[in-house]
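Colleague: What follows is target_29.txt, compact mmCIF, N, CA and C atoms.
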# COMPACT_ATOMS: atom_id res chain seq x y z
N MET A 1 0.83 -1.19 0.00
CA MET A 1 0.00 0.00 0.00
C MET A 1 0.88 1.25 0.00
N HIS A 2 1.96 1.23 0.80
CA HIS A 2 2.87 2.37 0.87
C HIS A 2 3.47 2.68 -0.49
N LYS A 3 3.87 1.63 -1.24
CA LYS A 3 4.44 1.82 -2.57
C LYS A 3 3.42 2.40 -3.52
N LEU A 4 2.17 2.01 -3.39
CA LEU A 4 1.09 2.51 -4.23
C LEU A 4 0.86 4.00 -3.99
N VAL A 5 0.87 4.41 -2.74
CA VAL A 5 0.70 5.82 -2.39
C VAL A 5 1.88 6.64 -2.94
N ALA A 6 3.09 6.14 -2.76
CA ALA A 6 4.28 6.83 -3.26
C ALA A 6 4.23 6.95 -4.78
N ALA A 7 3.83 5.89 -5.46
CA ALA A 7 3.72 5.92 -6.92
C ALA A 7 2.67 6.92 -7.35
N GLY A 8 1.57 6.99 -6.62
CA GLY A 8 0.51 7.95 -6.94
C GLY A 8 0.99 9.38 -6.79
N ARG A 9 1.74 9.64 -5.72
CA ARG A 9 2.29 10.99 -5.51
C ARG A 9 3.28 11.36 -6.61
N ALA A 10 4.11 10.42 -6.99
CA ALA A 10 5.09 10.67 -8.05
C ALA A 10 4.37 10.98 -9.37
N ALA A 11 3.32 10.24 -9.66
CA ALA A 11 2.55 10.48 -10.89
C ALA A 11 1.90 11.85 -10.86
N MET A 12 1.38 12.25 -9.71
CA MET A 12 0.75 13.57 -9.58
C MET A 12 1.79 14.68 -9.75
N ALA A 13 2.97 14.48 -9.18
CA ALA A 13 4.03 15.47 -9.31
C ALA A 13 4.47 15.59 -10.77
N ALA A 14 4.59 14.47 -11.45
CA ALA A 14 4.96 14.48 -12.87
C ALA A 14 3.89 15.17 -13.70
N ALA A 15 2.62 14.89 -13.39
CA ALA A 15 1.52 15.53 -14.11
C ALA A 15 1.52 17.03 -13.88
N ALA A 16 1.83 17.47 -12.66
CA ALA A 16 1.88 18.89 -12.36
C ALA A 16 2.99 19.57 -13.15
N LEU A 17 4.15 18.91 -13.28
CA LEU A 17 5.24 19.47 -14.07
C LEU A 17 4.86 19.60 -15.53
N VAL A 18 4.21 18.58 -16.07
CA VAL A 18 3.78 18.61 -17.46
C VAL A 18 2.77 19.73 -17.67
N ALA A 19 1.82 19.87 -16.73
CA ALA A 19 0.81 20.93 -16.84
C ALA A 19 1.49 22.29 -16.76
N GLU A 20 2.47 22.44 -15.86
CA GLU A 20 3.18 23.71 -15.73
C GLU A 20 3.94 24.02 -17.01
N GLU A 21 4.61 23.04 -17.57
CA GLU A 21 5.36 23.24 -18.80
C GLU A 21 4.43 23.59 -19.95
N ALA A 22 3.29 22.94 -20.00
CA ALA A 22 2.35 23.16 -21.09
C ALA A 22 1.77 24.57 -21.06
N THR A 23 1.70 25.21 -19.89
CA THR A 23 1.13 26.55 -19.79
C THR A 23 2.18 27.65 -19.82
N MET A 24 3.44 27.28 -19.97
CA MET A 24 4.50 28.28 -20.02
C MET A 24 4.38 29.11 -21.30
N GLU A 25 4.72 30.38 -21.20
CA GLU A 25 4.69 31.25 -22.36
C GLU A 25 5.87 30.95 -23.27
N ALA A 26 5.61 31.06 -24.56
CA ALA A 26 6.69 30.90 -25.53
C ALA A 26 7.54 32.15 -25.53
N HIS A 27 8.83 31.98 -25.79
CA HIS A 27 9.75 33.10 -25.91
C HIS A 27 10.18 33.20 -27.37
N PHE A 28 10.27 34.41 -27.86
CA PHE A 28 10.76 34.67 -29.21
C PHE A 28 12.11 35.35 -29.05
N VAL A 29 13.16 34.72 -29.56
CA VAL A 29 14.52 35.14 -29.26
C VAL A 29 15.33 35.31 -30.55
N TRP A 30 16.03 36.43 -30.63
CA TRP A 30 16.98 36.65 -31.72
C TRP A 30 18.37 36.56 -31.10
N MET A 31 19.22 35.71 -31.68
CA MET A 31 20.59 35.56 -31.17
C MET A 31 21.59 35.86 -32.28
N THR A 32 22.59 36.63 -31.91
CA THR A 32 23.66 36.96 -32.85
C THR A 32 24.99 36.71 -32.16
N THR A 33 25.87 36.00 -32.82
CA THR A 33 27.24 35.80 -32.34
C THR A 33 28.16 36.53 -33.30
N ARG A 34 28.95 37.43 -32.74
CA ARG A 34 29.87 38.21 -33.57
C ARG A 34 31.30 38.03 -33.08
N GLN A 35 32.22 37.93 -34.01
CA GLN A 35 33.63 37.98 -33.71
C GLN A 35 34.06 39.41 -34.02
N ILE A 36 34.79 40.02 -33.09
CA ILE A 36 35.21 41.41 -33.29
C ILE A 36 36.72 41.53 -33.27
N GLN A 37 37.20 42.66 -33.76
CA GLN A 37 38.65 42.92 -33.79
C GLN A 37 39.17 43.05 -32.36
N PRO A 38 40.39 42.62 -32.13
CA PRO A 38 40.98 42.71 -30.78
C PRO A 38 40.99 44.15 -30.26
N GLY A 39 40.68 44.29 -28.97
CA GLY A 39 40.75 45.58 -28.32
C GLY A 39 39.63 46.55 -28.64
N THR A 40 38.53 46.07 -29.23
CA THR A 40 37.45 46.98 -29.65
C THR A 40 36.14 46.77 -28.90
N LEU A 41 36.15 45.99 -27.81
CA LEU A 41 34.90 45.66 -27.11
C LEU A 41 34.14 46.91 -26.67
N ALA A 42 34.79 47.87 -26.02
CA ALA A 42 34.10 49.07 -25.53
C ALA A 42 33.48 49.86 -26.69
N ASP A 43 34.23 50.03 -27.78
CA ASP A 43 33.71 50.75 -28.95
C ASP A 43 32.56 49.98 -29.59
N PHE A 44 32.73 48.66 -29.68
CA PHE A 44 31.66 47.83 -30.25
C PHE A 44 30.39 47.96 -29.42
N GLU A 45 30.52 47.89 -28.09
CA GLU A 45 29.34 47.98 -27.22
C GLU A 45 28.59 49.30 -27.41
N ARG A 46 29.31 50.40 -27.57
CA ARG A 46 28.64 51.68 -27.81
C ARG A 46 27.83 51.63 -29.10
N ALA A 47 28.39 51.03 -30.13
CA ALA A 47 27.69 50.92 -31.42
C ALA A 47 26.54 49.91 -31.34
N TRP A 48 26.69 48.89 -30.50
CA TRP A 48 25.69 47.82 -30.38
C TRP A 48 24.39 48.32 -29.76
N ARG A 49 24.47 49.25 -28.81
CA ARG A 49 23.28 49.74 -28.13
C ARG A 49 22.43 50.55 -29.09
N PRO A 50 21.15 50.21 -29.22
CA PRO A 50 20.29 50.98 -30.12
C PRO A 50 20.03 52.38 -29.56
N GLY A 51 19.83 53.36 -30.45
CA GLY A 51 19.53 54.72 -30.03
C GLY A 51 18.16 54.85 -29.40
N THR A 52 17.23 54.02 -29.84
CA THR A 52 15.88 53.99 -29.27
C THR A 52 15.55 52.55 -28.91
N HIS A 53 14.65 52.41 -27.96
CA HIS A 53 14.24 51.05 -27.56
C HIS A 53 13.32 50.49 -28.64
N PRO A 54 13.68 49.36 -29.24
CA PRO A 54 12.86 48.79 -30.31
C PRO A 54 11.47 48.38 -29.81
N GLU A 55 10.46 48.71 -30.57
CA GLU A 55 9.08 48.30 -30.28
C GLU A 55 9.01 46.78 -30.24
N GLY A 56 8.46 46.21 -29.18
CA GLY A 56 8.31 44.77 -29.06
C GLY A 56 9.47 44.05 -28.42
N MET A 57 10.60 44.73 -28.20
CA MET A 57 11.73 44.09 -27.52
C MET A 57 11.44 44.09 -26.02
N LEU A 58 11.50 42.91 -25.42
CA LEU A 58 11.22 42.77 -24.00
C LEU A 58 12.46 42.95 -23.14
N ARG A 59 13.59 42.41 -23.61
CA ARG A 59 14.86 42.57 -22.92
C ARG A 59 15.98 42.08 -23.85
N ALA A 60 17.20 42.49 -23.53
CA ALA A 60 18.34 42.10 -24.35
C ALA A 60 19.57 41.93 -23.46
N TYR A 61 20.44 41.03 -23.86
CA TYR A 61 21.65 40.73 -23.13
C TYR A 61 22.82 40.66 -24.10
N ALA A 62 24.01 40.96 -23.61
CA ALA A 62 25.24 40.76 -24.37
C ALA A 62 26.21 40.01 -23.46
N TYR A 63 26.80 38.97 -23.98
CA TYR A 63 27.81 38.19 -23.26
C TYR A 63 29.03 38.08 -24.14
N TRP A 64 30.22 38.20 -23.54
CA TRP A 64 31.42 38.12 -24.33
C TRP A 64 32.40 37.11 -23.76
N SER A 65 33.24 36.63 -24.65
CA SER A 65 34.24 35.63 -24.26
C SER A 65 35.33 36.29 -23.41
N GLU A 66 36.08 35.45 -22.74
CA GLU A 66 37.12 35.94 -21.84
C GLU A 66 38.15 36.81 -22.58
N ASP A 67 38.44 36.47 -23.83
CA ASP A 67 39.41 37.27 -24.60
C ASP A 67 38.77 38.50 -25.25
N GLU A 68 37.46 38.70 -25.03
CA GLU A 68 36.69 39.85 -25.53
C GLU A 68 36.68 39.95 -27.04
N ARG A 69 36.79 38.81 -27.71
CA ARG A 69 36.79 38.80 -29.18
C ARG A 69 35.49 38.23 -29.75
N GLU A 70 34.65 37.62 -28.91
CA GLU A 70 33.38 37.08 -29.39
C GLU A 70 32.26 37.56 -28.47
N ILE A 71 31.19 38.08 -29.07
CA ILE A 71 30.05 38.60 -28.33
C ILE A 71 28.80 37.86 -28.79
N VAL A 72 28.01 37.42 -27.82
CA VAL A 72 26.71 36.81 -28.11
C VAL A 72 25.65 37.80 -27.64
N GLY A 73 24.81 38.23 -28.56
CA GLY A 73 23.69 39.11 -28.24
C GLY A 73 22.42 38.30 -28.25
N ILE A 74 21.62 38.45 -27.20
CA ILE A 74 20.36 37.70 -27.07
C ILE A 74 19.26 38.69 -26.77
N SER A 75 18.25 38.75 -27.62
CA SER A 75 17.13 39.66 -27.38
C SER A 75 15.83 38.87 -27.38
N PHE A 76 14.95 39.23 -26.44
CA PHE A 76 13.65 38.59 -26.30
C PHE A 76 12.60 39.54 -26.85
N TRP A 77 11.67 39.00 -27.62
CA TRP A 77 10.68 39.80 -28.34
C TRP A 77 9.26 39.36 -28.01
N ALA A 78 8.33 40.28 -28.14
CA ALA A 78 6.91 39.98 -27.92
C ALA A 78 6.38 39.05 -29.00
N SER A 79 6.97 39.12 -30.20
CA SER A 79 6.53 38.27 -31.31
C SER A 79 7.64 38.22 -32.36
N LYS A 80 7.53 37.27 -33.25
CA LYS A 80 8.47 37.20 -34.36
C LYS A 80 8.30 38.42 -35.26
N ALA A 81 7.06 38.85 -35.44
CA ALA A 81 6.77 40.01 -36.30
C ALA A 81 7.44 41.28 -35.76
N SER A 82 7.44 41.47 -34.45
CA SER A 82 8.07 42.67 -33.89
C SER A 82 9.58 42.63 -34.09
N CYS A 83 10.17 41.45 -33.99
CA CYS A 83 11.61 41.30 -34.24
C CYS A 83 11.91 41.60 -35.72
N GLU A 84 11.13 41.04 -36.61
CA GLU A 84 11.34 41.26 -38.04
C GLU A 84 11.17 42.73 -38.41
N ALA A 85 10.19 43.40 -37.79
CA ALA A 85 9.97 44.83 -38.07
C ALA A 85 11.19 45.64 -37.66
N TRP A 86 11.75 45.35 -36.48
CA TRP A 86 12.95 46.06 -36.05
C TRP A 86 14.11 45.78 -36.98
N ARG A 87 14.30 44.54 -37.35
CA ARG A 87 15.43 44.16 -38.21
C ARG A 87 15.36 44.83 -39.57
N ALA A 88 14.14 45.16 -40.03
CA ALA A 88 13.96 45.82 -41.32
C ALA A 88 13.98 47.35 -41.21
N SER A 89 14.11 47.89 -40.00
CA SER A 89 14.00 49.33 -39.78
C SER A 89 15.28 50.08 -40.16
N GLU A 90 15.12 51.37 -40.43
CA GLU A 90 16.27 52.25 -40.70
C GLU A 90 17.18 52.36 -39.49
N ALA A 91 16.58 52.41 -38.29
CA ALA A 91 17.37 52.51 -37.05
C ALA A 91 18.30 51.30 -36.92
N GLU A 92 17.81 50.11 -37.22
CA GLU A 92 18.65 48.92 -37.13
C GLU A 92 19.72 48.93 -38.22
N ALA A 93 19.39 49.43 -39.40
CA ALA A 93 20.39 49.53 -40.47
C ALA A 93 21.53 50.46 -40.05
N ARG A 94 21.21 51.59 -39.41
CA ARG A 94 22.24 52.52 -38.93
C ARG A 94 23.09 51.87 -37.84
N ARG A 95 22.44 51.13 -36.94
CA ARG A 95 23.16 50.46 -35.86
C ARG A 95 24.13 49.43 -36.43
N ARG A 96 23.68 48.66 -37.38
CA ARG A 96 24.54 47.64 -38.01
C ARG A 96 25.72 48.29 -38.74
N GLU A 97 25.45 49.41 -39.37
CA GLU A 97 26.52 50.13 -40.07
C GLU A 97 27.58 50.61 -39.07
N ALA A 98 27.14 51.09 -37.91
CA ALA A 98 28.07 51.55 -36.87
C ALA A 98 28.89 50.40 -36.31
N MET A 99 28.30 49.20 -36.19
CA MET A 99 29.02 48.04 -35.65
C MET A 99 29.99 47.45 -36.66
N ALA A 100 29.72 47.63 -37.93
CA ALA A 100 30.48 46.95 -39.00
C ALA A 100 31.98 47.20 -38.92
N ALA A 101 32.38 48.35 -38.44
CA ALA A 101 33.82 48.67 -38.36
C ALA A 101 34.57 47.74 -37.41
N TYR A 102 33.86 47.10 -36.48
CA TYR A 102 34.49 46.26 -35.46
C TYR A 102 34.31 44.76 -35.70
N VAL A 103 33.37 44.41 -36.55
CA VAL A 103 32.97 43.00 -36.74
C VAL A 103 33.80 42.34 -37.83
N VAL A 104 34.33 41.13 -37.50
CA VAL A 104 35.05 40.35 -38.50
C VAL A 104 34.29 39.09 -38.91
N GLY A 105 33.25 38.73 -38.17
CA GLY A 105 32.42 37.59 -38.50
C GLY A 105 31.12 37.65 -37.72
N GLU A 106 30.07 37.04 -38.29
CA GLU A 106 28.75 37.13 -37.64
C GLU A 106 27.87 35.95 -38.03
N GLN A 107 27.13 35.44 -37.05
CA GLN A 107 26.11 34.42 -37.28
C GLN A 107 24.88 34.87 -36.51
N GLU A 108 23.70 34.68 -37.11
CA GLU A 108 22.49 35.09 -36.41
C GLU A 108 21.33 34.18 -36.78
N ALA A 109 20.37 34.10 -35.86
CA ALA A 109 19.21 33.24 -36.09
C ALA A 109 18.09 33.62 -35.13
N PHE A 110 16.87 33.29 -35.52
CA PHE A 110 15.69 33.51 -34.70
C PHE A 110 15.27 32.17 -34.11
N TYR A 111 14.93 32.17 -32.82
CA TYR A 111 14.54 30.95 -32.13
C TYR A 111 13.22 31.16 -31.41
N ARG A 112 12.55 30.07 -31.16
CA ARG A 112 11.35 30.06 -30.34
C ARG A 112 11.54 28.96 -29.31
N GLY A 113 11.18 29.22 -28.05
CA GLY A 113 11.39 28.21 -27.04
C GLY A 113 10.68 28.53 -25.75
N ARG A 114 11.05 27.81 -24.71
CA ARG A 114 10.46 27.99 -23.38
C ARG A 114 11.56 28.14 -22.36
N GLU A 115 11.20 28.72 -21.24
CA GLU A 115 12.12 28.88 -20.14
C GLU A 115 12.25 27.57 -19.38
N LEU A 116 13.45 27.21 -19.01
CA LEU A 116 13.68 26.03 -18.19
C LEU A 116 13.30 26.36 -16.76
N VAL A 117 12.44 25.57 -16.19
CA VAL A 117 12.01 25.79 -14.80
C VAL A 117 12.99 25.06 -13.89
N VAL A 118 13.67 25.83 -13.05
CA VAL A 118 14.61 25.26 -12.09
C VAL A 118 13.90 25.17 -10.74
N PRO A 119 13.81 23.99 -10.16
CA PRO A 119 13.11 23.82 -8.90
C PRO A 119 13.76 24.64 -7.78
N ALA A 120 12.93 25.16 -6.89
CA ALA A 120 13.44 25.91 -5.74
C ALA A 120 14.20 24.96 -4.82
N ARG A 121 15.25 25.46 -4.23
CA ARG A 121 16.06 24.59 -3.35
C ARG A 121 15.95 25.07 -1.95
Kindly return the structure encoded in the file as structure tokens.

Modeller:
Amino acid sequence: MHKLVAAGRAAMAAAALVAEEATMEAHFVWMTTRQIQPGTLADFERAWRPGTHPEGMLRAYAYWSEDEREIVGISFWASKASCEAWRASEAEARRREAMAAYVVGEQEAFYRGRELVVPAR
């Protein structure tokens, strides 16, 4: 009987996790990895920051490698359409032009996903 109760609790906990995951909001994310010229991180960062906050952008992060030669930019968007509208804008074209002097390589992609739920400890 004890094993049956424990199995029932485990099944309920698993079902709760599935239900929680199923109701999580989707995230729309644009990620860009850039390789930049040595010694240009501070200048690159000034060019990287947009002059105005893009419509539909929820938040953005920049992470760089220890040698400061590779930067990963991650931006979260309200929708794919809002991200595409920003990417097609004149403001984004000017920003990219300003960054170009420091960039030696670039990869970018749009992703959709969910947040990983880390249990409280």

Colleague: Would you compute the distance between CA of Arg49 (chain A) and CA of Arg112 (chain A)? Give it in Å to one decimal.

Modeller: 23.1 Å

Colleague: Could you jot down the CA of Ser65 (chain A) to atom N of Asp43 (chain A) separation for me, Å, one decimal place?

Modeller: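 Between CA of Ser65 (chain A) and atom N of Asp43 (chain A) the gap is 14.8 Å.
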
Colleague: Could you check the closest approach to Ala62 (chain A) for each of A:Ser89, A:Gln35, A:Ser75, A:Gln107 and tell me which residue wins, using all atoms listed in the file?

Modeller: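 Going through A:Ser89, A:Gln35, A:Ser75, A:Gln107 one by one, the smallest distance to Ala62 (chain A) is for A:Ser75.
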
Colleague: Can you work out the spacing between atom C of Leu116 (chain A) and CA of Tyr63 (chain A) in Å, to one decimal?

Modeller: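 Result for atom C of Leu116 (chain A) versus CA of Tyr63 (chain A): 19.8 Å, one decimal.
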
Colleague: Could you tell me which of A:Ala93, A:Val72, A:Cys83, A:Ala101 comes closest to Glu55 (chain A) if we count only N, CA and C atoms?

Modeller: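 Closest to Glu55 (chain A), using only N, CA and C atoms: A:Cys83.
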
Colleague: Which residues, written as a short mmCIF file (atom, residue, chain, number, x, y, z; two decimals) with N, CA and C atoms, in the frame of the given file, have at least one atom at most 7 Å from Thr33 (chain A), with all atoms listed in the file counted and residues fewer than 3 positions away on the same chain left out?

Modeller:
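So selection_28.cif came out as:
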data_model
loop_
_atom_site.label_atom_id
_atom_site.label_comp_id
_atom_site.auth_asym_id
_atom_site.auth_seq_id
_atom_site.Cartn_x
_atom_site.Cartn_y
_atom_site.Cartn_z
N GLU A 70 34.65 37.62 -28.91
CA GLU A 70 33.38 37.08 -29.39
C GLU A 70 32.26 37.56 -28.47
N ILE A 71 31.19 38.08 -29.07
CA ILE A 71 30.05 38.60 -28.33
C ILE A 71 28.80 37.86 -28.79
N VAL A 72 28.01 37.42 -27.82
CA VAL A 72 26.71 36.81 -28.11
C VAL A 72 25.65 37.80 -27.64
N GLY A 73 24.81 38.23 -28.56
CA GLY A 73 23.69 39.11 -28.24
C GLY A 73 22.42 38.30 -28.25
N GLY A 105 33.25 38.73 -38.17
CA GLY A 105 32.42 37.59 -38.50
C GLY A 105 31.12 37.65 -37.72
N GLU A 106 30.07 37.04 -38.29
CA GLU A 106 28.75 37.13 -37.64
C GLU A 106 27.87 35.95 -38.03
N GLN A 107 27.13 35.44 -37.05
CA GLN A 107 26.11 34.42 -37.28
C GLN A 107 24.88 34.87 -36.51
N GLU A 108 23.70 34.68 -37.11
CA GLU A 108 22.49 35.09 -36.41
C GLU A 108 21.33 34.18 -36.78
N ALA A 109 20.37 34.10 -35.86
CA ALA A 109 19.21 33.24 -36.09
C ALA A 109 18.09 33.62 -35.13
#

Colleague: Need the shell around Val103 (chain A): protein/DNA/RNA residues with any atom at most 7 Å away, counting all atoms listed in the file. Skip same-chain ones fewer than 3 positions apart. Format as a short mmCIF file (atom, residue, chain, number, x, y, z; two decimals) with N, CA and C atoms, in the frame of the given file?

Modeller:
data_model
loop_
_atom_site.label_atom_id
_atom_site.label_comp_id
_atom_site.auth_asym_id
_atom_site.auth_seq_id
_atom_site.Cartn_x
_atom_site.Cartn_y
_atom_site.Cartn_z
N ARG A 34 28.95 37.43 -32.74
CA ARG A 34 29.87 38.21 -33.57
C ARG A 34 31.30 38.03 -33.08
N GLN A 35 32.22 37.93 -34.01
CA GLN A 35 33.63 37.98 -33.71
C GLN A 35 34.06 39.41 -34.02
N ILE A 36 34.79 40.02 -33.09
CA ILE A 36 35.21 41.41 -33.29
C ILE A 36 36.72 41.53 -33.27
N GLN A 37 37.20 42.66 -33.76
CA GLN A 37 38.65 42.92 -33.79
C GLN A 37 39.17 43.05 -32.36
N MET A 99 28.30 49.20 -36.19
CA MET A 99 29.02 48.04 -35.65
C MET A 99 29.99 47.45 -36.66
N ALA A 100 29.72 47.63 -37.93
CA ALA A 100 30.48 46.95 -39.00
C ALA A 100 31.98 47.20 -38.92
N GLU A 106 30.07 37.04 -38.29
CA GLU A 106 28.75 37.13 -37.64
C GLU A 106 27.87 35.95 -38.03
#
